[in-house]
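Pasting protein34.pdb here (PDB, C-alpha atoms):
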ATOM      1  CA  PRO A   1     -14.946  51.415  35.755  1.00  0.00           C
ATOM      2  CA  VAL A   2     -14.886  49.602  32.433  1.00  0.00           C
ATOM      3  CA  CYS A   3     -12.037  47.304  33.470  1.00  0.00           C
ATOM      4  CA  SER A   4      -9.972  46.601  36.564  1.00  0.00           C
ATOM      5  CA  LYS A   5      -6.606  47.823  35.268  1.00  0.00           C
ATOM      6  CA  SER A   6      -4.752  50.466  37.267  1.00  0.00           C
ATOM      7  CA  PHE A   7      -2.009  52.849  36.175  1.00  0.00           C
ATOM      8  CA  ARG A   8       0.695  54.884  37.905  1.00  0.00           C
ATOM      9  CA  ASN A   9       0.028  58.096  36.032  1.00  0.00           C
ATOM     10  CA  SER A  10      -2.876  59.747  34.279  1.00  0.00           C
ATOM     11  CA  SER A  11      -1.273  59.957  30.830  1.00  0.00           C
ATOM     12  CA  ILE A  12      -1.003  56.176  30.609  1.00  0.00           C
ATOM     13  CA  LEU A  13      -4.560  55.866  31.900  1.00  0.00           C
ATOM     14  CA  CYS A  14      -5.780  58.233  29.165  1.00  0.00           C
ATOM     15  CA  LYS A  15      -4.012  56.206  26.467  1.00  0.00           C
ATOM     16  CA  HIS A  16      -5.579  53.034  27.844  1.00  0.00           C
ATOM     17  CA  CYS A  17      -9.071  54.570  27.982  1.00  0.00           C
ATOM     18  CA  SER A  18      -9.049  55.054  24.208  1.00  0.00           C
ATOM     19  CA  ILE A  19      -9.310  51.264  23.937  1.00  0.00           C
ATOM     20  CA  HIS A  20     -12.693  51.406  25.664  1.00  0.00           C
ATOM     21  CA  THR A  21     -14.001  54.586  24.022  1.00  0.00           C
ATOM     22  CA  GLY A  22     -13.008  53.589  20.508  1.00  0.00           C
ATOM     23  CA  GLU A  23     -11.255  56.943  20.068  1.00  0.00           C
ATOM     24  CA  LYS A  24      -8.705  56.831  17.245  1.00  0.00           C
ATOM     25  CA  PRO A  25      -7.142  60.281  16.923  1.00  0.00           C
ATOM     26  CA  PHE A  26      -4.197  59.255  14.707  1.00  0.00           C
ATOM     27  CA  THR A  27      -5.151  58.999  11.027  1.00  0.00           C
ATOM     28  CA  CYS A  28      -3.073  57.859   8.073  1.00  0.00           C
ATOM     29  CA  THR A  29      -2.877  60.609   5.454  1.00  0.00           C
ATOM     30  CA  ASP A  30      -2.389  58.016   2.691  1.00  0.00           C
ATOM     31  CA  CYS A  31      -5.416  55.770   3.226  1.00  0.00           C
ATOM     32  CA  GLY A  32      -7.501  57.322   6.021  1.00  0.00           C
ATOM     33  CA  LYS A  33      -7.187  54.398   8.439  1.00  0.00           C
ATOM     34  CA  SER A  34      -7.221  55.552  12.081  1.00  0.00           C
ATOM     35  CA  PHE A  35      -5.412  54.300  15.169  1.00  0.00           C
ATOM     36  CA  ASN A  36      -5.592  54.844  18.911  1.00  0.00           C
ATOM     37  CA  ARG A  37      -1.795  55.117  19.280  1.00  0.00           C
ATOM     38  CA  ARG A  38       0.743  57.208  17.390  1.00  0.00           C
ATOM     39  CA  SER A  39       3.249  54.341  17.398  1.00  0.00           C
ATOM     40  CA  THR A  40       0.723  52.093  15.645  1.00  0.00           C
ATOM     41  CA  LEU A  41       0.125  54.778  13.008  1.00  0.00           C
ATOM     42  CA  ILE A  42       3.880  55.076  12.397  1.00  0.00           C
ATOM     43  CA  GLN A  43       4.175  51.321  11.983  1.00  0.00           C
ATOM     44  CA  HIS A  44       1.162  51.301   9.625  1.00  0.00           C
ATOM     45  CA  CYS A  45       2.575  54.136   7.503  1.00  0.00           C
ATOM     46  CA  ARG A  46       5.577  51.964   6.668  1.00  0.00           C
ATOM     47  CA  THR A  47       3.216  49.668   4.747  1.00  0.00           C
ATOM     48  CA  HIS A  48       2.747  52.465   2.194  1.00  0.00           C
ATOM     49  CA  THR A  49       6.501  52.742   1.593  1.00  0.00           C
ATOM     50  CA  GLU A  50       9.406  50.389   1.051  1.00  0.00           C
ATOM     51  CA  LYS A  51      10.822  51.362   4.446  1.00  0.00           C
ATOM     52  CA  LYS A  52      11.753  48.280   6.484  1.00  0.00           C
ATOM     53  CA  PRO A  53      14.155  49.486   9.179  1.00  0.00           C
ATOM     54  CA  PHE A  54      14.657  46.123  10.918  1.00  0.00           C
ATOM     55  CA  THR A  55      17.052  43.682   9.212  1.00  0.00           C
ATOM     56  CA  CYS A  56      17.960  40.168  10.317  1.00  0.00           C
ATOM     57  CA  THR A  57      21.750  39.833  10.433  1.00  0.00           C
ATOM     58  CA  ASP A  58      21.489  36.057   9.962  1.00  0.00           C
ATOM     59  CA  CYS A  59      19.455  35.902   6.749  1.00  0.00           C
ATOM     60  CA  GLY A  60      18.964  39.497   5.564  1.00  0.00           C
ATOM     61  CA  LYS A  61      15.158  39.465   5.766  1.00  0.00           C
ATOM     62  CA  THR A  62      13.698  42.909   6.521  1.00  0.00           C
ATOM     63  CA  PHE A  63      10.686  43.967   8.591  1.00  0.00           C
ATOM     64  CA  THR A  64       8.507  47.039   9.065  1.00  0.00           C
ATOM     65  CA  SER A  65       7.927  46.366  12.778  1.00  0.00           C
ATOM     66  CA  LYS A  66      10.277  45.547  15.616  1.00  0.00           C
ATOM     67  CA  SER A  67       7.834  42.987  17.014  1.00  0.00           C
ATOM     68  CA  ASN A  68       7.768  40.962  13.775  1.00  0.00           C
ATOM     69  CA  PHE A  69      11.549  41.222  13.543  1.00  0.00           C
ATOM     70  CA  THR A  70      11.933  39.923  17.110  1.00  0.00           C
ATOM     71  CA  LEU A  71       9.579  37.004  16.433  1.00  0.00           C
ATOM     72  CA  HIS A  72      11.559  36.145  13.312  1.00  0.00           C
ATOM     73  CA  CYS A  73      14.892  36.188  15.158  1.00  0.00           C
ATOM     74  CA  HIS A  74      13.714  33.306  17.338  1.00  0.00           C
ATOM     75  CA  ILE A  75      13.773  30.932  14.342  1.00  0.00           C
ATOM     76  CA  HIS A  76      17.570  31.183  14.004  1.00  0.00           C
TER
END
Please express what this file holds, its structure, as structure tokens.
Amino acid sequence: PVCSKSFRNSSILCKHCSIHTGEKPFTCTDCGKSFNRRSTLIQHCRTHTEKKPFTCTDCGKTFTSKSNFTLHCHIH
């Protein structure tokens, strides 16, 4: 084994294995950049548009990713 991680089902294991193989089956049609997860591709694709679906209700700042939005919310 490449690492010692274990998983409950094979689909999660397969997704994890792409980290070790370098496989990146999800490619951006705008710039050609590839990703190992579909969710990462979706987040990346927002950088080519003005779409920022996460808005801070305290200050109005908008974000392309939920993780950046969540980090921001901790400052209020």
Do you have the atom CA of Pro25 of chain A-atom CA of Pro53 of chain A distance handy?
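These two atoms are separated by 25.1 Å.
Shortest separation to His44 of chain A among A:Thr27, A:Thr62, A:Ser10, A:Thr70 occurs at residue A:Thr27, atoms counted being all atoms listed in the file.
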Please evaluate the PyMOL selection byres ((chain A and resi 73) around 10) against the structure above and give the resulting residues as JSON, numbers by chain.
{"A": [55, 56, 57, 58, 59, 61, 67, 68, 69, 70, 71, 72, 74, 75, 76]}
Store the residues of this selection in a file with C-alpha atoms, as a PDB file, keeping the file's coordinate frame.
ATOM      1  CA  THR A  55      17.052  43.682   9.212  1.00  0.00           C
ATOM      2  CA  CYS A  56      17.960  40.168  10.317  1.00  0.00           C
ATOM      3  CA  THR A  57      21.750  39.833  10.433  1.00  0.00           C
ATOM      4  CA  ASP A  58      21.489  36.057   9.962  1.00  0.00           C
ATOM      5  CA  CYS A  59      19.455  35.902   6.749  1.00  0.00           C
ATOM      6  CA  LYS A  61      15.158  39.465   5.766  1.00  0.00           C
ATOM      7  CA  SER A  67       7.834  42.987  17.014  1.00  0.00           C
ATOM      8  CA  ASN A  68       7.768  40.962  13.775  1.00  0.00           C
ATOM      9  CA  PHE A  69      11.549  41.222  13.543  1.00  0.00           C
ATOM     10  CA  THR A  70      11.933  39.923  17.110  1.00  0.00           C
ATOM     11  CA  LEU A  71       9.579  37.004  16.433  1.00  0.00           C
ATOM     12  CA  HIS A  72      11.559  36.145  13.312  1.00  0.00           C
ATOM     13  CA  HIS A  74      13.714  33.306  17.338  1.00  0.00           C
ATOM     14  CA  ILE A  75      13.773  30.932  14.342  1.00  0.00           C
ATOM     15  CA  HIS A  76      17.570  31.183  14.004  1.00  0.00           C
TER      16      HIS A  76
END
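Compared by their closest atoms to Cys3 of chain A, and using all atoms listed in the file, the residues A:Lys24, A:Arg38, A:Lys33, A:His16 rank with A:His16 nearest.
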Explicit residues for the PyMOL selection byres ((chain A and resi 37) around 8) (as a ChimeraX atom specification):
/A:15,24-26,35-36,38-41
Those residues with C-alpha atoms, as a PDB file, in the frame of the given file please?
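Saved file part03.pdb follows:
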ATOM      1  CA  LYS A  15      -4.012  56.206  26.467  1.00  0.00           C
ATOM      2  CA  LYS A  24      -8.705  56.831  17.245  1.00  0.00           C
ATOM      3  CA  PRO A  25      -7.142  60.281  16.923  1.00  0.00           C
ATOM      4  CA  PHE A  26      -4.197  59.255  14.707  1.00  0.00           C
ATOM      5  CA  PHE A  35      -5.412  54.300  15.169  1.00  0.00           C
ATOM      6  CA  ASN A  36      -5.592  54.844  18.911  1.00  0.00           C
ATOM      7  CA  ARG A  38       0.743  57.208  17.390  1.00  0.00           C
ATOM      8  CA  SER A  39       3.249  54.341  17.398  1.00  0.00           C
ATOM      9  CA  THR A  40       0.723  52.093  15.645  1.00  0.00           C
ATOM     10  CA  LEU A  41       0.125  54.778  13.008  1.00  0.00           C
TER      11      LEU A  41
END
Could you check which of A:Cys14, A:Gly32, A:His20, A:Ser65 is closest to Lys52 of chain A, using all atoms listed in the file?
A:Ser65
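Using all atoms listed in the file, the protein and nucleic acid residues lying no more than 9 Å from Cys45 of chain A, apart from those fewer than 6 places from it along its own chain, are A:Cys28, A:Thr29, A:Asp30.
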Go ahead and write the residues just picked, C-alpha atoms, as a short mmCIF file (atom, residue, chain, number, x, y, z; two decimals), keeping the file's coordinate frame.
data_model
loop_
_atom_site.label_atom_id
_atom_site.label_comp_id
_atom_site.auth_asym_id
_atom_site.auth_seq_id
_atom_site.Cartn_x
_atom_site.Cartn_y
_atom_site.Cartn_z
CA CYS A 28 -3.07 57.86 8.07
CA THR A 29 -2.88 60.61 5.45
CA ASP A 30 -2.39 58.02 2.69
#
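Residues of protein, DNA and RNA with at least one atom no farther than 12 Å from (-17.0, 47.1, 30.4) are, using only C-alpha atoms, A:Pro1, A:Val2, A:Cys3, A:Ser4, A:Lys5, A:Cys17, A:Ile19, A:His20, A:Thr21.
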Residues from the last selection, C-alpha atoms, saved as a PDB file, in the frame of the given file:
ATOM      1  CA  PRO A   1     -14.946  51.415  35.755  1.00  0.00           C
ATOM      2  CA  VAL A   2     -14.886  49.602  32.433  1.00  0.00           C
ATOM      3  CA  CYS A   3     -12.037  47.304  33.470  1.00  0.00           C
ATOM      4  CA  SER A   4      -9.972  46.601  36.564  1.00  0.00           C
ATOM      5  CA  LYS A   5      -6.606  47.823  35.268  1.00  0.00           C
ATOM      6  CA  CYS A  17      -9.071  54.570  27.982  1.00  0.00           C
ATOM      7  CA  ILE A  19      -9.310  51.264  23.937  1.00  0.00           C
ATOM      8  CA  HIS A  20     -12.693  51.406  25.664  1.00  0.00           C
ATOM      9  CA  THR A  21     -14.001  54.586  24.022  1.00  0.00           C
TER      10      THR A  21
END
Can you list, as a VMD selection string, every protein, DNA or RNA residue that comes within 7 Å of Thr64 of chain A when you count only C-alpha atoms, leaving out same-chain residues fewer than 2 positions away?
chain A and resid 43 46 51 to 54 66
N, CA and C atoms restored at segment 21-40 of chain A, emitted as a tab-separated table (two decimals), in the coordinates of the input:
chain	number	residue	atom	x	y	z
A	21	THR	N	-13.14	53.58	24.66
A	21	THR	CA	-14.00	54.59	24.02
A	21	THR	C	-14.06	54.43	22.51
A	22	GLY	N	-13.07	53.74	21.96
A	22	GLY	CA	-13.01	53.59	20.51
A	22	GLY	C	-12.38	54.79	19.83
A	23	GLU	N	-11.89	55.74	20.62
A	23	GLU	CA	-11.26	56.94	20.07
A	23	GLU	C	-9.99	56.56	19.30
A	24	LYS	N	-9.87	57.10	18.09
A	24	LYS	CA	-8.70	56.83	17.24
A	24	LYS	C	-8.26	58.15	16.62
A	25	PRO	N	-7.50	58.94	17.38
A	25	PRO	CA	-7.14	60.28	16.92
A	25	PRO	C	-6.00	60.35	15.90
A	26	PHE	N	-5.34	59.24	15.62
A	26	PHE	CA	-4.20	59.26	14.71
A	26	PHE	C	-4.60	58.62	13.38
A	27	THR	N	-4.63	59.44	12.32
A	27	THR	CA	-5.15	59.00	11.03
A	27	THR	C	-4.07	59.02	9.96
A	28	CYS	N	-4.02	57.97	9.18
A	28	CYS	CA	-3.07	57.86	8.07
A	28	CYS	C	-3.50	58.81	6.96
A	29	THR	N	-2.57	59.65	6.52
A	29	THR	CA	-2.88	60.61	5.45
A	29	THR	C	-2.92	59.94	4.08
A	30	ASP	N	-2.38	58.73	3.97
A	30	ASP	CA	-2.39	58.02	2.69
A	30	ASP	C	-3.70	57.28	2.43
A	31	CYS	N	-4.23	56.61	3.46
A	31	CYS	CA	-5.42	55.77	3.23
A	31	CYS	C	-6.60	56.09	4.13
A	32	GLY	N	-6.40	56.93	5.15
A	32	GLY	CA	-7.50	57.32	6.02
A	32	GLY	C	-7.76	56.40	7.20
A	33	LYS	N	-7.00	55.31	7.31
A	33	LYS	CA	-7.19	54.40	8.44
A	33	LYS	C	-6.75	55.10	9.72
A	34	SER	N	-7.50	54.87	10.81
A	34	SER	CA	-7.22	55.55	12.08
A	34	SER	C	-6.77	54.57	13.15
A	35	PHE	N	-6.00	55.11	14.11
A	35	PHE	CA	-5.41	54.30	15.17
A	35	PHE	C	-5.51	55.01	16.51
A	36	ASN	N	-5.50	54.23	17.59
A	36	ASN	CA	-5.59	54.84	18.91
A	36	ASN	C	-4.22	55.23	19.46
A	37	ARG	N	-3.15	54.77	18.82
A	37	ARG	CA	-1.80	55.12	19.28
A	37	ARG	C	-0.96	55.63	18.12
A	38	ARG	N	-0.14	56.63	18.40
A	38	ARG	CA	0.74	57.21	17.39
A	38	ARG	C	1.73	56.17	16.88
A	39	SER	N	2.26	55.35	17.79
A	39	SER	CA	3.25	54.34	17.40
A	39	SER	C	2.66	53.34	16.40
A	40	THR	N	1.38	53.01	16.57
A	40	THR	CA	0.72	52.09	15.64
A	40	THR	C	0.54	52.75	14.28
